[in-house]
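Below is one structure, written out as structure tokens; the observations come after it.
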There are 2 protein chains.
Amino acid sequence: MQAILAVLMVGAIFSSLSAAETRPLILMPLPASVQMKTGQFVVDPSFTVGIQGHSDELLQHAVEVFLDNLRRQTGMSPLDLRIVDAAHAKLIVHCDGPSKAVQELGEDESYSLDVSADGAKLDAVTPLGVMRGLQTFLQMVRTTSDGFAVPAIAIQDKPRFPWRGLMIDVSRHFIPLDVLKRNLDGMAAVKLNVFHWHLSDNQGFRVESKKFPKLHELGSDGFYYTQDEVRNLIAYAHDRGIRVVPEFDMPGHSTAWFVGYPELASAAGPYQIERKWGIFDPAMDPTQEKTYKFLDAFIGEMATLFPDQYFHIGGDEVNGKQWDANPNIQAFMRAHGMKTDQDLQAYFNTRVQKLVSKHGKTMVGWDEILRPDLPKDIVVQSWRGQDSPAAAAKLGYRGLLSFGYYVDLNWPASQHYAVEPISGAAANLSAEEKQRILGGEACMWSEYVSPENIDSRLWPRTAAIAERFWSAQNLTDVHSMYERLQGVSRWLDWLGLTHNSSYGPMLRRIAGSNDISALETFTDVLEPVKDYTREEIAAVEATSLTPLNRVIDAVRPESETARHFTDLVNALIVGQADANAKQEIAMWLSRWRDNQAKLPPLEKQSLLLQEVVPLSEDLSTVALTGIQALDYFNRGERPPDSWTEEQFVALEQAQKPKGQLLLMIVPAVRELVAASSGQRAPLPQK
Amino acid sequence: MQAILAVLMVGAIFSSLSAAETRPLILMPLPASVQMKTGQFVVDPSFTVGIQGHSDELLQHAVEVFLDNLRRQTGMSPLDLRIVDAAHAKLIVHCDGPSKAVQELGEDESYSLDVSADGAKLDAVTPLGVMRGLQTFLQMVRTTSDGFAVPAIAIQDKPRFPWRGLMIDVSRHFIPLDVLKRNLDGMAAVKLNVFHWHLSDNQGFRVESKKFPKLHELGSDGFYYTQDEVRNLIAYAHDRGIRVVPEFDMPGHSTAWFVGYPELASAAGPYQIERKWGIFDPAMDPTQEKTYKFLDAFIGEMATLFPDQYFHIGGDEVNGKQWDANPNIQAFMRAHGMKTDQDLQAYFNTRVQKLVSKHGKTMVGWDEILRPDLPKDIVVQSWRGQDSPAAAAKLGYRGLLSFGYYVDLNWPASQHYAVEPISGAAANLSAEEKQRILGGEACMWSEYVSPENIDSRLWPRTAAIAERFWSAQNLTDVHSMYERLQGVSRWLDWLGLTHNSSYGPMLRRIAGSNDISALETFTDVLEPVKDYTREEIAAVEATSLTPLNRVIDAVRPESETARHFTDLVNALIVGQADANAKQEIAMWLSRWRDNQAKLPPLEKQSLLLQEVVPLSEDLSTVALTGIQALDYFNRGERPPDSWTEEQFVALEQAQKPKGQLLLMIVPAVRELVAASSGQRAPLPQK
């Protein structure tokens, strides 16, 4: 019922104060239930918070973090916005009891928030619920003619799934602690609650081990987190209601371990840190007892360092080549009646699961670990297909969905948003089985991200995934999602996230010039190629030594401008564009047509611009086609078929990637051409 | 000779490779001698540095910091750009010997840098010289059609003054450590070498004292640096060739001390941390021995914490009211034959100087400490006038110039740039006396700066002051300075400085909207009022609790757009504007005239925009006047005198501050009106 209410209200959540205050609220994830009231609550420097009911250190920290964020959003002094006695507070936080000392899966995160002209009241069962409610409050603080204010409102809210995660791979490119912290702030802002830290892979082992120091000393190029830094990050996450689940990928994806400890591998060393991307042969030797002795001690050390109940052992993408080539391993397999490498890996997993369990933890692994002989308390993270969590649930295992949430694939937010954990095979599960689908995780694999551009690969799109995990299943209005996503994107700027701010400096570096206005008009409608096309069409194979300073690394995964233009064109074609929209279509097309002339010769300006020269030419040509098609369309005159055919051929060419980039106005112009010629519009490629 | 060479070359430092490579080099401070050669040296991921001659930890750190900056500028991987054996290095750093363990005033900072197509060689006497030369190298790395490259060049360079400082007041508004660090990076980038840390004042005592913990516990609102943080900052500065001179202001400006230790004051307490700005009555009691006992222990503690030889005791702005009202102090003065409060302060200074000296340090103080009875090794920092360092030098004291370098007064860079330490009375000093003028310091008093906008108050203008301290005295070409200043401003973005990036988010907060294009057209030509006018015309007195989130806090101290427009108009009037320039003048005027119509009703949109409504109206009106004047001017037709008079009256009104802001296009439009009417142009107010 609550869910239905919320959906009905999308697009209608306006405060009703005055003509000037009709901007919609930017709430994301959308709460379960929202009721607008009359009036607004002004937030000025005298704003205070009081804590009622249960109080503890975590709650105090949560309120301090909230006030800090509120000061950033409003520009108020660190001496303003105080915590005071609840009797005199403007915002009263009431909490029933404590959260667990170590945050647990499934703790109550519900809250209700009631704002009236005089003040506000936030009620929650636990400090976690308080944190979620405070984020909702922050999202509603707006500039008005009376100053900063929150509209009078009543909200009841709770998450749909208990495991709402983001995985960041810090092995392929090392991501420094401060960058992780600002992204934890981003996670908290959209109510994500699990940071899955992919700490080891072929390209780097990123955490200090006191028991096996050659892991980080030889396996990291010097880029690793000390144990103090790990503790510091965990505390930071804890204050924001985020669990930290470490992943140490084994038995494959583990070359970096073998640089210091080649004896763990299934073939003789020596090993080097891997510089390339892909799947590699090295794998731990599952047949020797010393492997398990090492892992026992190692897991023991890490189980102490990372307090979370869950411990991720990876387990994906073992190609088995080292196993196949090792006679001892082959003999072991024969002796134990194992027919396939999968059998051997299942044996390994069973052994490792016992070690994880011995150290008090619950094992998590990728799809491949799923074998019915493992105990039922493990969690399977699905990356290979949407139906595999359902298959796991049927077998009695709990599952997480990551298939469809790989943000490194540069999909549009709408494509991630359409992926629903309880759909396909999962939709037919029993209620009990559905409960085993814990939620999901967005995944940020880091072949092509650096500290400079990781934020723009994560945000704002991850907020749409976060809404999928938190909000009602039937919330599927893409238009509303994008409207709110744009608002959230700017709001996240206050957390120091650089997804918006890094674009200009990166373009200026590429151009070697401070005046990038014409270049920006052009790059604003480019997107990186999707899925794994970047590898597939690379002229030179990328490695961890390759600079990430190209146009593809600067442009956004999803072009706001191109999406907006596509929306306008779609409206035009179905006869729903008003005069302003029509004028805007024409304005964009003529701006793009003329842009090429405003750019200096790109190939002379910068080596980094040479690969986009054909795209800039395409932009002008495609825009000209659009202008002609628009003209036909507006005059209601059908163009000659030869012209239409010619345009489709040219647009087909323009739609192909160049410099591993896509010109995102092509599909809309195709539609315009099709509409002008009375043909059915071809489906846009996106 | 070298200086003259450099001046001749300003505006002519172009690399001579190809048509595309005629962009001028952005060197600031301009080196003493620069010779362009043919070709360029390409900086790609295989770039390496080798250290020849002397090497030590400081030098290693310097090279690592350099490589880190180079990676940021170019977007290369942390695995690229290595330190290798000098025999195989692309850039060879040769250093004769070590710097002092604690950086000293007057150490050799000279370097020579020779870049050819094959590689580069940097020679210096000390690691400090290496650091300065590496910054010059970084400034020359540019995007070209062959990739990142430095033009072939030969540079010899050394500073004019040995003390090139920046003072930051962290008392009136606390500035967190990370903000200070990025500003230290900015200092190093423009070769400043002294960070003067104004650590205590009426509004806050900002450093942990283990001997007198109530200083920071009660005097800081919880905003202070721990001693570990202080050491951390000093080490960070040391790696960048920057000395750290602490200032503890006494006997006035010391209310924050008295909150914890009222017994030090000249009147009974209790005391509160001061929230207002200005000069206040509380002052230490110079007549009681316990004051000196306290200061002895305190200075002893701080002399150990801060390794620099110099120790700043403030000493400014004692109003004497507490002394006059205290009968014991009056009796003491009579008993010791002191006639004025200045005599009493001189007695205090003499006693404090002995304590500073006892702890091995050399005393620095503001103007007021200058009395001939102090020993000659003290340093006087002049803030009240340009001639006072000369007066001090004549008496045998060393002096620093800060008068003319107060960046909080929102002057244009050109005004600071015109202030020359060796001018006025100082120009007539003997060579020996001139040597006593050690240099100067830019000063950032922090009544109106927060961590959010301090960078935009400091940069890029401080770079012009840094050039004044480093480069030749006869380098006075303002056009060249501004051209290079704009380049440096964008280059500083790579250090994480937020002077450019904070503007957009602050405007979006003010507007409560993501679309700020029209607002920006308007605010781009606004500047804060100058000097102390902000206080003088404030409707409500500002305090440390006042949010710094107004338009005045967001706009830049100097409008690039207005300066550029003024340059165009000046060129037009003297007949030196080409067709493009004429078109640009007309474009700007019509954009400004039409801008008001593009803005939503500001007063309804945001409380924070209400005060700028009249300015937005003025922008349209003034632009219309400009369009009319331009029309008369272009037609060579003299407008009716009545029209001219009317415009002058209206422009006089438009030139008055509103919302404590100035509309910076008014002076140029006045000139245009004057020119069109054949009158002499009135001097622009700026």
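If you're wondering about the labels, chains in the structure tokens are A, B, ... by order shown, residues count from 1 in each chain, ligands from 1 in order shown.
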
* **chain B residues near chain A (6 Å cut-off, only C-alpha atoms) as a list in words** => Ala20, Gly75, Met76, Ser77, Leu79, Thr143, Thr144, Ser145, Asp146, Gly147, Gly512, Leu545, Pro547, Asn549, Lys604, Gln605, Ser606 and Leu607 of chain B

| request: Name all residues at most 7 Å from range 280-289 of chain A (count only C-alpha atoms; drop same-chain ones fewer than 5 positions away) and give them as JSON, numbers by chain. | output: {"A": [251, 252, 254, 255, 264, 265, 266, 319, 320, 321, 322, 329, 332, 348]}

I need the chosen residues saved as a tab-separated table (two decimals), in the first residue's frame, with all heavy atoms.
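Below you can see result-v3.tsv, which holds the result:
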```tsv
chain	number	residue	atom	x	y	z
A	251	PRO	N	40.47	-18.92	-5.80
A	251	PRO	CA	41.89	-19.22	-6.00
A	251	PRO	C	42.48	-18.54	-7.24
A	251	PRO	O	43.69	-18.49	-7.36
A	251	PRO	CB	41.88	-20.74	-6.17
A	251	PRO	CG	40.56	-21.03	-6.81
A	251	PRO	CD	39.60	-20.00	-6.28
A	252	GLY	N	41.62	-18.03	-8.14
A	252	GLY	CA	42.13	-17.28	-9.29
A	252	GLY	C	42.27	-15.80	-8.92
A	252	GLY	O	42.15	-15.43	-7.74
A	254	SER	N	44.64	-14.03	-8.50
A	254	SER	CA	45.49	-13.92	-7.30
A	254	SER	C	46.98	-13.83	-7.63
A	254	SER	O	47.82	-14.09	-6.78
A	254	SER	CB	45.21	-15.11	-6.38
A	254	SER	OG	45.23	-16.32	-7.14
A	255	THR	N	47.32	-13.39	-8.84
A	255	THR	CA	48.74	-13.27	-9.21
A	255	THR	C	49.51	-12.41	-8.21
A	255	THR	O	50.66	-12.72	-7.87
A	255	THR	CB	48.88	-12.65	-10.62
A	255	THR	OG1	48.06	-13.38	-11.53
A	255	THR	CG2	50.33	-12.69	-11.09
A	264	LEU	N	52.29	-20.65	-3.16
A	264	LEU	CA	50.84	-20.86	-3.11
A	264	LEU	C	50.28	-21.23	-4.47
A	264	LEU	O	49.17	-21.75	-4.57
A	264	LEU	CB	50.13	-19.57	-2.64
A	264	LEU	CG	50.36	-19.10	-1.21
A	264	LEU	CD1	49.68	-17.75	-1.01
A	264	LEU	CD2	49.81	-20.13	-0.23
A	265	ALA	N	51.03	-20.94	-5.53
A	265	ALA	CA	50.50	-21.09	-6.88
A	265	ALA	C	50.57	-22.52	-7.38
A	265	ALA	O	51.22	-23.37	-6.76
A	265	ALA	CB	51.25	-20.17	-7.83
A	266	SER	N	49.93	-22.75	-8.50
A	266	SER	CA	49.88	-24.11	-9.07
A	266	SER	C	50.96	-24.34	-10.11
A	266	SER	O	50.99	-25.38	-10.76
A	266	SER	CB	48.50	-24.34	-9.70
A	266	SER	OG	47.50	-24.15	-8.74
A	319	ASN	N	40.54	-20.13	-14.90
A	319	ASN	CA	40.55	-20.77	-16.23
A	319	ASN	C	41.12	-22.20	-16.18
A	319	ASN	O	41.05	-22.95	-17.15
A	319	ASN	CB	41.25	-19.91	-17.29
A	319	ASN	CG	42.77	-19.84	-17.09
A	319	ASN	OD1	43.36	-20.60	-16.30
A	319	ASN	ND2	43.40	-18.95	-17.81
A	320	GLY	N	41.70	-22.58	-15.05
A	320	GLY	CA	42.12	-23.96	-14.86
A	320	GLY	C	43.39	-24.38	-15.58
A	320	GLY	O	43.83	-25.53	-15.47
A	321	LYS	N	44.02	-23.46	-16.31
A	321	LYS	CA	45.17	-23.88	-17.13
A	321	LYS	C	46.35	-24.36	-16.28
A	321	LYS	O	47.01	-25.33	-16.62
A	321	LYS	CB	45.61	-22.72	-18.03
A	321	LYS	CG	44.64	-22.51	-19.19
A	321	LYS	CD	45.19	-21.56	-20.23
A	321	LYS	CE	44.11	-21.24	-21.26
A	321	LYS	NZ	44.49	-20.13	-22.13
A	322	GLN	N	46.61	-23.63	-15.18
A	322	GLN	CA	47.71	-24.09	-14.31
A	322	GLN	C	47.38	-25.46	-13.71
A	322	GLN	O	48.27	-26.29	-13.55
A	322	GLN	CB	47.97	-23.07	-13.20
A	322	GLN	CG	48.86	-21.92	-13.62
A	322	GLN	CD	49.47	-21.20	-12.43
A	322	GLN	OE1	49.05	-21.39	-11.28
A	322	GLN	NE2	50.47	-20.37	-12.70
A	329	ILE	N	48.62	-31.99	-9.44
A	329	ILE	CA	47.21	-31.61	-9.28
A	329	ILE	C	46.32	-32.60	-10.02
A	329	ILE	O	45.27	-33.03	-9.50
A	329	ILE	CB	46.98	-30.16	-9.75
A	329	ILE	CG1	47.72	-29.20	-8.81
A	329	ILE	CG2	45.49	-29.83	-9.82
A	329	ILE	CD1	47.65	-27.75	-9.18
A	332	PHE	N	46.05	-35.66	-8.00
A	332	PHE	CA	45.17	-35.43	-6.85
A	332	PHE	C	43.71	-35.55	-7.27
A	332	PHE	O	42.88	-36.19	-6.60
A	332	PHE	CB	45.46	-34.04	-6.27
A	332	PHE	CG	44.64	-33.68	-5.07
A	332	PHE	CD1	45.11	-33.93	-3.78
A	332	PHE	CD2	43.38	-33.07	-5.20
A	332	PHE	CE1	44.35	-33.59	-2.67
A	332	PHE	CE2	42.63	-32.73	-4.09
A	332	PHE	CZ	43.12	-32.99	-2.81
A	348	PHE	N	38.10	-26.79	-3.14
A	348	PHE	CA	38.80	-25.64	-2.56
A	348	PHE	C	37.82	-24.77	-1.76
A	348	PHE	O	38.07	-24.41	-0.60
A	348	PHE	CB	39.45	-24.82	-3.68
A	348	PHE	CG	40.08	-23.53	-3.24
A	348	PHE	CD1	41.35	-23.52	-2.66
A	348	PHE	CD2	39.42	-22.32	-3.39
A	348	PHE	CE1	41.94	-22.33	-2.26
A	348	PHE	CE2	40.00	-21.13	-2.98
A	348	PHE	CZ	41.26	-21.13	-2.42
```

Within 7 Å of Thr226 in chain B using only C-alpha atoms, minus same-chain residues under 2 positions, as a PyMOL selection string
chain B and resi 207-208+224+228-230

Dump all heavy atoms for the selected residues as a compact mmCIF listing (two decimals), in the first residue's frame?
```txt
# COMPACT_ATOMS: atom_id res chain seq x y z
N VAL B 207 46.03 26.37 18.68
CA VAL B 207 47.02 25.30 18.74
C VAL B 207 46.99 24.67 20.13
O VAL B 207 46.78 25.34 21.14
CB VAL B 207 48.42 25.81 18.34
CG1 VAL B 207 48.96 26.79 19.36
CG2 VAL B 207 49.39 24.66 18.14
N GLU B 208 47.14 23.36 20.13
CA GLU B 208 47.15 22.63 21.39
C GLU B 208 48.37 23.03 22.22
O GLU B 208 49.49 23.04 21.72
CB GLU B 208 47.21 21.13 21.08
CG GLU B 208 47.32 20.25 22.31
CD GLU B 208 47.67 18.79 21.95
OE1 GLU B 208 48.27 18.55 20.88
OE2 GLU B 208 47.35 17.92 22.76
N TYR B 224 40.97 23.54 16.80
CA TYR B 224 42.40 23.83 16.97
C TYR B 224 43.19 22.70 16.32
O TYR B 224 42.65 21.66 15.97
CB TYR B 224 42.74 23.95 18.46
CG TYR B 224 42.54 22.68 19.24
CD1 TYR B 224 43.58 21.74 19.39
CD2 TYR B 224 41.31 22.39 19.82
CE1 TYR B 224 43.37 20.56 20.09
CE2 TYR B 224 41.10 21.21 20.52
CZ TYR B 224 42.13 20.30 20.65
OH TYR B 224 41.92 19.13 21.34
N ASP B 228 50.52 17.15 16.99
CA ASP B 228 50.86 16.22 15.89
C ASP B 228 50.50 16.83 14.54
O ASP B 228 51.24 16.70 13.56
CB ASP B 228 50.11 14.89 16.06
CG ASP B 228 50.85 13.95 17.01
OD1 ASP B 228 52.04 14.22 17.29
OD2 ASP B 228 50.23 12.98 17.47
N GLU B 229 49.35 17.47 14.49
CA GLU B 229 48.94 18.10 13.22
C GLU B 229 49.88 19.24 12.84
O GLU B 229 50.20 19.44 11.67
CB GLU B 229 47.49 18.60 13.33
CG GLU B 229 46.47 17.46 13.32
CD GLU B 229 45.05 17.91 13.59
OE1 GLU B 229 44.85 18.93 14.32
OE2 GLU B 229 44.12 17.25 13.12
N VAL B 230 50.31 19.99 13.86
CA VAL B 230 51.26 21.07 13.59
C VAL B 230 52.55 20.51 13.01
O VAL B 230 53.06 20.99 12.00
CB VAL B 230 51.55 21.87 14.88
CG1 VAL B 230 52.74 22.80 14.68
CG2 VAL B 230 50.32 22.66 15.31
```

| request: Excluding range 101-115 of chain A and residues on its chain fewer than 2 positions from it, collect all residues at most 9 Å away from it, counting only C-alpha atoms, and give them as a PyMOL selection string. | output: chain A and resi 37+40-41+91+98-99+117-134+136-137+150-159+161-163+238+241-243+307-309+438

| query | Restricting the calculation to only C-alpha atoms, which member of A:Gln435, A:Thr476, A:Thr291, A:Asn595 is positioned closest to Leu615 in chain A? | reply |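 Residue with the minimum atom-to-atom distance to Leu615 in chain A: A:Asn595.
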
Taken to one decimal, the CA of Arg371 in chain B-CA of Tyr397 in chain B distance is 10.0 Å

Near-range 384-390 of chain B list (10 Å; only C-alpha atoms; drop same-chain fewer than 2 positions) as number ranges by chain: B: 366-368, 370, 379-382, 392-404, 419-429, 433-434, 436-440

Would you list the contacts of range 625-641 of chain A as an NGL selection string, taking every protein, DNA or RNA residue within 12 Å and counting only C-alpha atoms, but skipping same-chain residues closer than 3 positions in sequence?
:A and (565-566 or 569 or 572-575 or 577 or 579 or 582-594 or 618-622 or 644-651 or 654 or 665-679)

Check your understanding: Could you pull the residues within 9 Å of His88 in chain A, counting only C-alpha atoms, minus those fewer than 6 positions along the same chain, as a PyMOL selection string?
Key -> chain A and resi 48-50

Restricting it to N, CA and C atoms, dump the selection as a short mmCIF file (atom, residue, chain, number, x, y, z; two decimals), in the first residue's frame.
```cif
data_model
loop_
_atom_site.label_atom_id
_atom_site.label_comp_id
_atom_site.auth_asym_id
_atom_site.auth_seq_id
_atom_site.Cartn_x
_atom_site.Cartn_y
_atom_site.Cartn_z
N THR A 48 18.68 23.88 15.51
CA THR A 48 19.24 23.00 16.55
C THR A 48 18.65 21.60 16.42
N VAL A 49 19.41 20.66 16.93
CA VAL A 49 18.95 19.28 17.00
C VAL A 49 18.98 18.82 18.44
N GLY A 50 17.95 18.11 18.85
CA GLY A 50 17.93 17.52 20.18
C GLY A 50 17.71 16.02 20.07
#
```
